[in-house]
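See structure below.
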Amino acid sequence: MSSLTRTLITHGFSKLAESERFLGFSELADLDQGDLLAALKVANDPDLAVQSLVRLLSAVPGVHDRLTVLDPETGGMVSNEALFRLLGASEALAEFLIRHPEHIDVLDAVPSPEPAAADGAALRASVMAAVGADPDSSTPVAALTGTQGRVALRTQYRRHLTELAIRDLCAASPQDVMPMVGAELADLAAAALDAALAVARAEVAESLSAEAVARVRLSVIGMGKCGAGELNYVSDVDVMYVIAEHDGQAPAGAQASGGGADAVTVGNALAAAISQTIYAPEREPGLWEVDANLRPEGKDGPLVRTLESYLSYYDRWAQSWEFQALLKARAIAGDQELGGRFERAVAPLIWSSSEREGFVESVQAMRRRVTVNIPDAEAGRQIKLGKGGLRDVEFTVQLLQLVHAKNDESIRVKATTAAIAALMRAGYIGRTDAAHLDEAYRYLRVLEHRIQLVRMRRTHLMPESDAALRALARAAAGPLSLKRPGAQSLLEDWAKVKRQVRTLHERIFYRPILVTAAHLSAEDVALTTDAARARLAALGYRDTAGAQRHIEALTAGVSRRAALQRQLLPVLLGWLADGVDPDAGLLAFRRVSEALGTSHWYLGMLRDHQAAAERLCHVLSSSRLVTDLLVVSPEATAWFGNDKELIPLSFEAQWQEIQSKMSRHPEPGDAIRLIRLIRQREILRIAIADCSGLLSQDQVSAALSDADRATVLGALLVAEADVYAGEPPLTRVLVVAMGRQGGREIGYGSDADVLFVHRPVEGDPGADDAPAQQQAKAIVAKLTAMLTQPVRPAIQAERVLSVDAGLRPEGKNGPLVRSLEAYREYYARWSSPWEAQALLRARPLAGCDDLAADFIAMVDPVRYPAVVAEAELREIKRIKARMESERLPRGADPARHVKLGRGGLSDVEWLVQLWQLQYGHAIAALRTTATLPALHAAREAGLVGADDADLLEAAWRLAGKIRNANVMWTGKSSDVLPSARGDLEAVARWCGYEPGHAALFEEDYLGLTRRARAIFDRLFYG
C-alpha cells in the first residue's frame, strides 16, 4: 500500500484508485497535495469533492483563486471551507456552477456555525428581478418569457439554493438549523412561483389579451411542506389555485364545478404556464414539479376555482383527508389578499373537521395505507413513508392538532417542529415525548436533505453502498463531530430513531382518548360558558354551578397543569358522568388533582392512558371508600395505569416489608404506625383492583384476609417485644382467627373475630403459671390497643382493624386470653354447642407455629365430633331462631338484611356449619373453615341437591357483594340492602348490573333470598 493510499484512507476517502487518478490530473498539478488533502478533509464525501473540483477547475479556471481565502482572525490564507463542503455534498450544485461560472462568487460566502436565514421578501425581489418583473407591483408582469424567462428564473433560484446549501453545510449543528433551512426553501419556492406567475402573465397575454389577464386575480395556495414552511431541497411543490375578478366578484359562470368563463380560462392558462416555467424541459433543468392534485376532486377536478367554489365543495363533498391537507394551506404567491381570504374561510372547516363521524379512525387508516403501499424493495430503506419515518411524526402531530385545536388556537401552527413545541407547551404531548419527537424529526429530515443534495433528485430512500452511507453519516453528524462515523453506526442510529418514533407514534397516534375528544364540539370543549352549564346538566350533574367552580379551579391560570386540565376535562366530565354521582366524582377529582399538584406522571397518565383515566373517573364518582383513601394517598393514582401494580401483595411480601420496617423503626409507636399504613395501602390497592374488574369476589376476600393477617402478626411481634422489654419471655401468644376472618371470607367492613391463646415457655404445663398468664394478658391488651388506638401522626381516612374476641369461651364474660390447657379443659368439660360451632371457623392467624398446630389438634375433636346429640342439634336450631328475633336491628326489614335476614349470609353459613358438625368427622372434605368449599363438599356427599346448592351459593355470594358494595359506595359498613334509589343504583352497579337496572337488581335479590330461605327452612329446621 502506497503512502498516498494510506493518507487517503486517513482523510476519509473510499474510492482510493479513482481518487488517486483524479489527484494526478493537470488541474491540480500546481497545488500542494498535503494542503489539498487537508482541505478536502472537511468534505462529507472527499471522493466526490475531488472529482467535482477537477471538473470545476477545468470549466472555470478562475475558481483556482477561490481555493483559499483570507482568515480575518489570523490574517493568513486558509482553505475555502464553503467551497470544499459544497463540492463534497452536492454534485448537482457543482454542475450548476460549471454551467454558470458567472455565479461562482457564491463561493465567497463566509461560513457561520449559526447561520441566519435569508429574508423571504429579498428572495422574491431577486427572482422577480431576474425575469424583469417589478416586485412592488400588485400584478407583476415579466419582461422575459419563453426559454429566456425560464432559464433566468431557474438560474437565479439555483444561485440562492447554492447560497443556502453552503450555510446549511457549514452550520455547527445540521439538526438545529433544519427548521430554518426548510423555511427558506419554502420561501425560495414561493419566490419562484411568484416569478413564474409574472412570466405566465406575460405569456398568456400574448395568446389571450393583456386586459383579460389583468382582470383575473390568482392566488397560489401552498400545501404540504411548502405551505407549512418546511420544504425539502427537492420536492414536489403542492399547490391549489384560487381565482377572482378584480371587481371582487366571482368570475361569471364559475360555480362549484369551476365552469367555463373567460376568467376561468385565463386562470387555467396562468396555472399551466406557471408549471411550464418551473418544470418544462430547457437547457437549464426544471426545478421541481408543481403538483395541483390536492385540489378538490384531484386530477379530475378543475385546475382553478373561485373561493366560493372551494367552500361549496368542502361543505358538501370533502373527505376527512382533505381537511388534514388544508392544515398546511398558506397563500405563497400571487394575490395575497385573495389567498388570505381563502385561509380565513377554510380555517373553521379545518378545526371542526374532527367532529365528522369516524374522522380519527379515517386518519389512522390512511396512515396504515401509506405504509402498506410501500414497495417491498423500498420498505427497509424508506426514511419518509416507512414505519418510524417522517410520516409517523407528521401524522401524529397533525392528528393531535386537528382534534384539539378547535378550541386551542395556540396549537394552530403549520410547521411540524413548531407544532411539536406548541403541543408540548399546551400539554398535549409530554415534555420528554416532545423532545424525542422533535429530535427524531430533525434527524430524519437532515438525512433526507443530505441524500437529496447530492444529485438534487427527489428521493427518500437510504443509500445502499457503504461509501454513500459513510458520507451520509458524516453529513448527519455535522462539522463539529469529533468522531468519523461509519456506515454501520449510521444504520444503527437510524434504526434506534425509527424504533423510538414508532413507539411514540403508536402510543400517541392511537390514543383512544383522541376518538372521544374528536366527537366533542367547540361548545362542549369550552368549559365555562352557559352552553357548558347546559351540557353539565345534560350529563347528569345536579349542581352545575358547583361543577363549574370546580372546573374553574382546575383550569385557571396559564400553567401547564391548567392547560392539560382544559384539554382533558371535556372528556373526563363525560366519564365522571357515567358514574353514580358525577358531582361527588368531580369534587373528588379536584381534590386528587390538587393533592398531586404538578406531578408530570399524573397528567400524563390522564392524557395518554384512556383505560386508566376512565377507571379513575368511574371510581371517583362511584366509591367514597376509594376516594377518601386516594385523597390521602394520591400517589396511588399511578396504579390505575398499571395493572401489575394492582396485583395484591401476598402475605409473604407484606410480612417481609413489615419486618424491614420494624428493623429500622424499633420504637413501638413508629413501628405500629407503619404497619397500619401498609394495611391501608393494601386495602386501597385491593379496592382499586376490585373496581377495575381485576379481582374476583373470592380473590378480594383472600387479599383482605392476607392484609389483616400481616397486620395482626406485625402488631403481635411489636407487642411482644414491648412487653418482654428485653427479658426472656414467659409465654408465647397465638392469635386464632374466627368467624369470616377464619374462613378468609371478609369484606371491606369486616372486624377481626379472634381467640387469644398462650402457652408458658417453661414449667409444668398443668401448673398454674400466674406470671405467664399476666404476661399474655399484657401482650393481648397491648396488641389490641396498638391496632385500634390513634397513632401520631394520625393516619387519615384509616379503616381501623377492630379486634373482637366475643367468640371466646363464656363470651364477653370469659377471660380475654387463656392457656392452651385451659382451653382444653374448658372444651372438655363446659363447652356449649354454639362454641363448638364457632370453632368450625378457627384458623391460626399469628403467633407460634407449634402452638398453632397443637391448638388445631386440640379443637378438631370438638368441632368435628363423632356424634352430635339430638339435644345439641335442637340447641343450635334454637339459638339460630333466637338470633333472628333478637339480633336483627329494631325496625330492620328481614328481607333486606343481607347478614341476618331471610336467605342471607347467616342462613347459608348456619346450614353449612350444621352439616360440618354432623358429618365433618366422617367426611374429610367438610373440614374446612370456608363456607363455599364446605357447601361444595356437602353437595358431593349428597347432603344437598345440586340445584339447591347452586341457589344457596348464589344467595351467599350476592349478599357478600352487597356488603362490599355498601362500603365501597358510602365508605361505611352496612348489612342492609339500600332502599333509597340513588344508593340502590350505586350498589346495583357494584354488583354488576347495568346503569338504570336498580329495580331489577332489587327484584333479583329479594327473589333469590326468598328461595334460599325456603331451602334453609327445609334443610335446617326439617
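To be explicit about the labels: the chains of the C-alpha cells are called A, B, and onward in the order shown, and within each one the residues are counted from 1, while ligands get numbers from 1 in the order they are shown.
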> Excluding same-chain residues fewer than 5 positions from segment 974-976 of chain A, what lies within 8 Å of it counting only C-alpha atoms, as a ChimeraX atom specification?
Replying inline: /A:896-899,962-963,966-967
Restricting it to N, CA, C and O atoms, dump the selection as a PDB file, in the first residue's frame.
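Printed below is again-v7.pdb as written:
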```pdb
ATOM      1  N   ARG A 896     -84.398  -7.452  53.698  1.00  0.00           N
ATOM      2  CA  ARG A 896     -83.343  -6.605  53.131  1.00  0.00           C
ATOM      3  C   ARG A 896     -82.041  -6.680  53.928  1.00  0.00           C
ATOM      4  O   ARG A 896     -81.055  -6.041  53.545  1.00  0.00           O
ATOM      5  N   HIS A 897     -82.028  -7.425  55.033  1.00  0.00           N
ATOM      6  CA  HIS A 897     -80.806  -7.533  55.840  1.00  0.00           C
ATOM      7  C   HIS A 897     -79.975  -8.685  55.284  1.00  0.00           C
ATOM      8  O   HIS A 897     -80.359  -9.850  55.351  1.00  0.00           O
ATOM      9  N   VAL A 898     -78.817  -8.348  54.697  1.00  0.00           N
ATOM     10  CA  VAL A 898     -78.068  -9.352  53.946  1.00  0.00           C
ATOM     11  C   VAL A 898     -77.325 -10.331  54.850  1.00  0.00           C
ATOM     12  O   VAL A 898     -76.931 -11.409  54.386  1.00  0.00           O
ATOM     13  N   LYS A 899     -77.145  -9.981  56.121  1.00  0.00           N
ATOM     14  CA  LYS A 899     -76.417 -10.877  57.027  1.00  0.00           C
ATOM     15  C   LYS A 899     -77.385 -11.759  57.811  1.00  0.00           C
ATOM     16  O   LYS A 899     -77.312 -12.983  57.746  1.00  0.00           O
ATOM     17  N   ILE A 962     -73.138  -7.291  48.170  1.00  0.00           N
ATOM     18  CA  ILE A 962     -73.869  -6.114  48.631  1.00  0.00           C
ATOM     19  C   ILE A 962     -73.174  -5.490  49.841  1.00  0.00           C
ATOM     20  O   ILE A 962     -73.071  -4.257  49.943  1.00  0.00           O
ATOM     21  N   ARG A 963     -72.687  -6.316  50.748  1.00  0.00           N
ATOM     22  CA  ARG A 963     -71.956  -5.770  51.908  1.00  0.00           C
ATOM     23  C   ARG A 963     -70.736  -4.972  51.448  1.00  0.00           C
ATOM     24  O   ARG A 963     -70.491  -3.852  51.908  1.00  0.00           O
ATOM     25  N   ASN A 966     -71.819  -1.705  49.674  1.00  0.00           N
ATOM     26  CA  ASN A 966     -72.223  -0.654  50.611  1.00  0.00           C
ATOM     27  C   ASN A 966     -71.018   0.132  51.120  1.00  0.00           C
ATOM     28  O   ASN A 966     -71.047   1.360  51.203  1.00  0.00           O
ATOM     29  N   VAL A 967     -69.950  -0.596  51.451  1.00  0.00           N
ATOM     30  CA  VAL A 967     -68.742   0.075  51.935  1.00  0.00           C
ATOM     31  C   VAL A 967     -68.087   0.859  50.813  1.00  0.00           C
ATOM     32  O   VAL A 967     -67.651   2.001  50.992  1.00  0.00           O
TER      33      VAL A 967
END
```
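Assigned to alpha helix (DSSP H) in segment 37-82 of chain A, given DSSP computed from backbone atoms, are A:Leu37, A:Ala38, A:Ala39, A:Leu40, A:Pro46, A:Asp47, A:Leu48, A:Ala49, A:Val50, A:Gln51, A:Ser52, A:Leu53, A:Val54, A:Arg55, A:Leu56, A:Leu57, A:Ser58, A:Ala59, A:Glu81, A:Ala82.
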Could you write those residues out with N, CA and C atoms, as a PDB file, in the first residue's frame?
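Result file is part-v9.pdb:
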```
ATOM      1  N   LEU A  37      -5.294  17.876   0.392  1.00  0.00           N
ATOM      2  CA  LEU A  37      -5.929  16.790   1.146  1.00  0.00           C
ATOM      3  C   LEU A  37      -6.479  17.293   2.477  1.00  0.00           C
ATOM      4  N   ALA A  38      -5.782  18.202   3.108  1.00  0.00           N
ATOM      5  CA  ALA A  38      -6.271  18.779   4.361  1.00  0.00           C
ATOM      6  C   ALA A  38      -7.563  19.542   4.125  1.00  0.00           C
ATOM      7  N   ALA A  39      -7.622  20.253   2.983  1.00  0.00           N
ATOM      8  CA  ALA A  39      -8.836  20.996   2.655  1.00  0.00           C
ATOM      9  C   ALA A  39      -9.996  20.055   2.364  1.00  0.00           C
ATOM     10  N   LEU A  40      -9.674  18.955   1.647  1.00  0.00           N
ATOM     11  CA  LEU A  40     -10.721  18.002   1.291  1.00  0.00           C
ATOM     12  C   LEU A  40     -11.242  17.236   2.510  1.00  0.00           C
ATOM     13  N   PRO A  46     -15.124  13.063   0.381  1.00  0.00           N
ATOM     14  CA  PRO A  46     -13.906  13.580  -0.259  1.00  0.00           C
ATOM     15  C   PRO A  46     -13.739  13.083  -1.691  1.00  0.00           C
ATOM     16  N   ASP A  47     -14.183  11.849  -1.987  1.00  0.00           N
ATOM     17  CA  ASP A  47     -14.082  11.329  -3.356  1.00  0.00           C
ATOM     18  C   ASP A  47     -14.881  12.204  -4.317  1.00  0.00           C
ATOM     19  N   LEU A  48     -16.119  12.527  -3.944  1.00  0.00           N
ATOM     20  CA  LEU A  48     -16.953  13.383  -4.774  1.00  0.00           C
ATOM     21  C   LEU A  48     -16.355  14.784  -4.878  1.00  0.00           C
ATOM     22  N   ALA A  49     -15.806  15.265  -3.765  1.00  0.00           N
ATOM     23  CA  ALA A  49     -15.257  16.626  -3.749  1.00  0.00           C
ATOM     24  C   ALA A  49     -14.086  16.770  -4.711  1.00  0.00           C
ATOM     25  N   VAL A  50     -13.175  15.803  -4.730  1.00  0.00           N
ATOM     26  CA  VAL A  50     -12.001  15.934  -5.595  1.00  0.00           C
ATOM     27  C   VAL A  50     -12.399  15.811  -7.066  1.00  0.00           C
ATOM     28  N   GLN A  51     -13.362  14.940  -7.360  1.00  0.00           N
ATOM     29  CA  GLN A  51     -13.837  14.821  -8.742  1.00  0.00           C
ATOM     30  C   GLN A  51     -14.505  16.126  -9.198  1.00  0.00           C
ATOM     31  N   SER A  52     -15.374  16.668  -8.353  1.00  0.00           N
ATOM     32  CA  SER A  52     -16.070  17.907  -8.715  1.00  0.00           C
ATOM     33  C   SER A  52     -15.105  19.069  -8.827  1.00  0.00           C
ATOM     34  N   LEU A  53     -14.065  19.073  -7.988  1.00  0.00           N
ATOM     35  CA  LEU A  53     -13.080  20.147  -8.036  1.00  0.00           C
ATOM     36  C   LEU A  53     -12.331  20.131  -9.369  1.00  0.00           C
ATOM     37  N   VAL A  54     -11.925  18.948  -9.803  1.00  0.00           N
ATOM     38  CA  VAL A  54     -11.218  18.837 -11.086  1.00  0.00           C
ATOM     39  C   VAL A  54     -12.106  19.333 -12.222  1.00  0.00           C
ATOM     40  N   ARG A  55     -13.364  18.926 -12.222  1.00  0.00           N
ATOM     41  CA  ARG A  55     -14.287  19.328 -13.279  1.00  0.00           C
ATOM     42  C   ARG A  55     -14.534  20.836 -13.245  1.00  0.00           C
ATOM     43  N   LEU A  56     -14.677  21.391 -12.031  1.00  0.00           N
ATOM     44  CA  LEU A  56     -14.948  22.821 -11.898  1.00  0.00           C
ATOM     45  C   LEU A  56     -13.745  23.649 -12.339  1.00  0.00           C
ATOM     46  N   LEU A  57     -12.525  23.221 -11.950  1.00  0.00           N
ATOM     47  CA  LEU A  57     -11.321  23.942 -12.358  1.00  0.00           C
ATOM     48  C   LEU A  57     -11.120  23.867 -13.871  1.00  0.00           C
ATOM     49  N   SER A  58     -11.507  22.727 -14.445  1.00  0.00           N
ATOM     50  CA  SER A  58     -11.367  22.576 -15.891  1.00  0.00           C
ATOM     51  C   SER A  58     -12.301  23.521 -16.636  1.00  0.00           C
ATOM     52  N   ALA A  59     -13.542  23.672 -16.110  1.00  0.00           N
ATOM     53  CA  ALA A  59     -14.532  24.512 -16.781  1.00  0.00           C
ATOM     54  C   ALA A  59     -14.395  25.978 -16.413  1.00  0.00           C
ATOM     55  N   GLU A  81     -13.536  26.799   3.155  1.00  0.00           N
ATOM     56  CA  GLU A  81     -14.419  25.774   3.729  1.00  0.00           C
ATOM     57  C   GLU A  81     -15.722  25.662   2.956  1.00  0.00           C
ATOM     58  N   ALA A  82     -16.298  26.792   2.575  1.00  0.00           N
ATOM     59  CA  ALA A  82     -17.573  26.777   1.856  1.00  0.00           C
ATOM     60  C   ALA A  82     -17.458  25.976   0.562  1.00  0.00           C
TER      61      ALA A  82
END
```
>> Need the shell around Thr145 of chain A: protein/DNA/RNA residues with any atom at most 10 Å away, counting only C-alpha atoms. Skip same-chain ones fewer than 2 positions apart. Format as number ranges by chain?
In response: A: 131-132, 141-143, 147-152, 196, 198-203, 277
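Note that the spacing between atom CA of Arg624 of chain A and atom CA of Glu1003 of chain A amounts to 25.5 Å.
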Give me, as a tab-separated table, the closest atom pair and its distance (Å, one decimal) for every residue of segment 815-917 of chain A within a cut-off of 7 Å of segment 703-720 of chain A, counting only C-alpha atoms, rows sorted by chain and rising number.
```
residue	atom	partner	partner_atom	distance
A:Leu845	CA	A:Arg709	CA	5.9
A:Ala846	CA	A:Leu713	CA	4.9
A:Gly847	CA	A:Leu713	CA	6.8
```
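With distances restricted to only C-alpha atoms, A:Arg566 is the closest residue to His404 of chain A from A:Arg566, A:Arg792, A:Arg890, A:Arg679.
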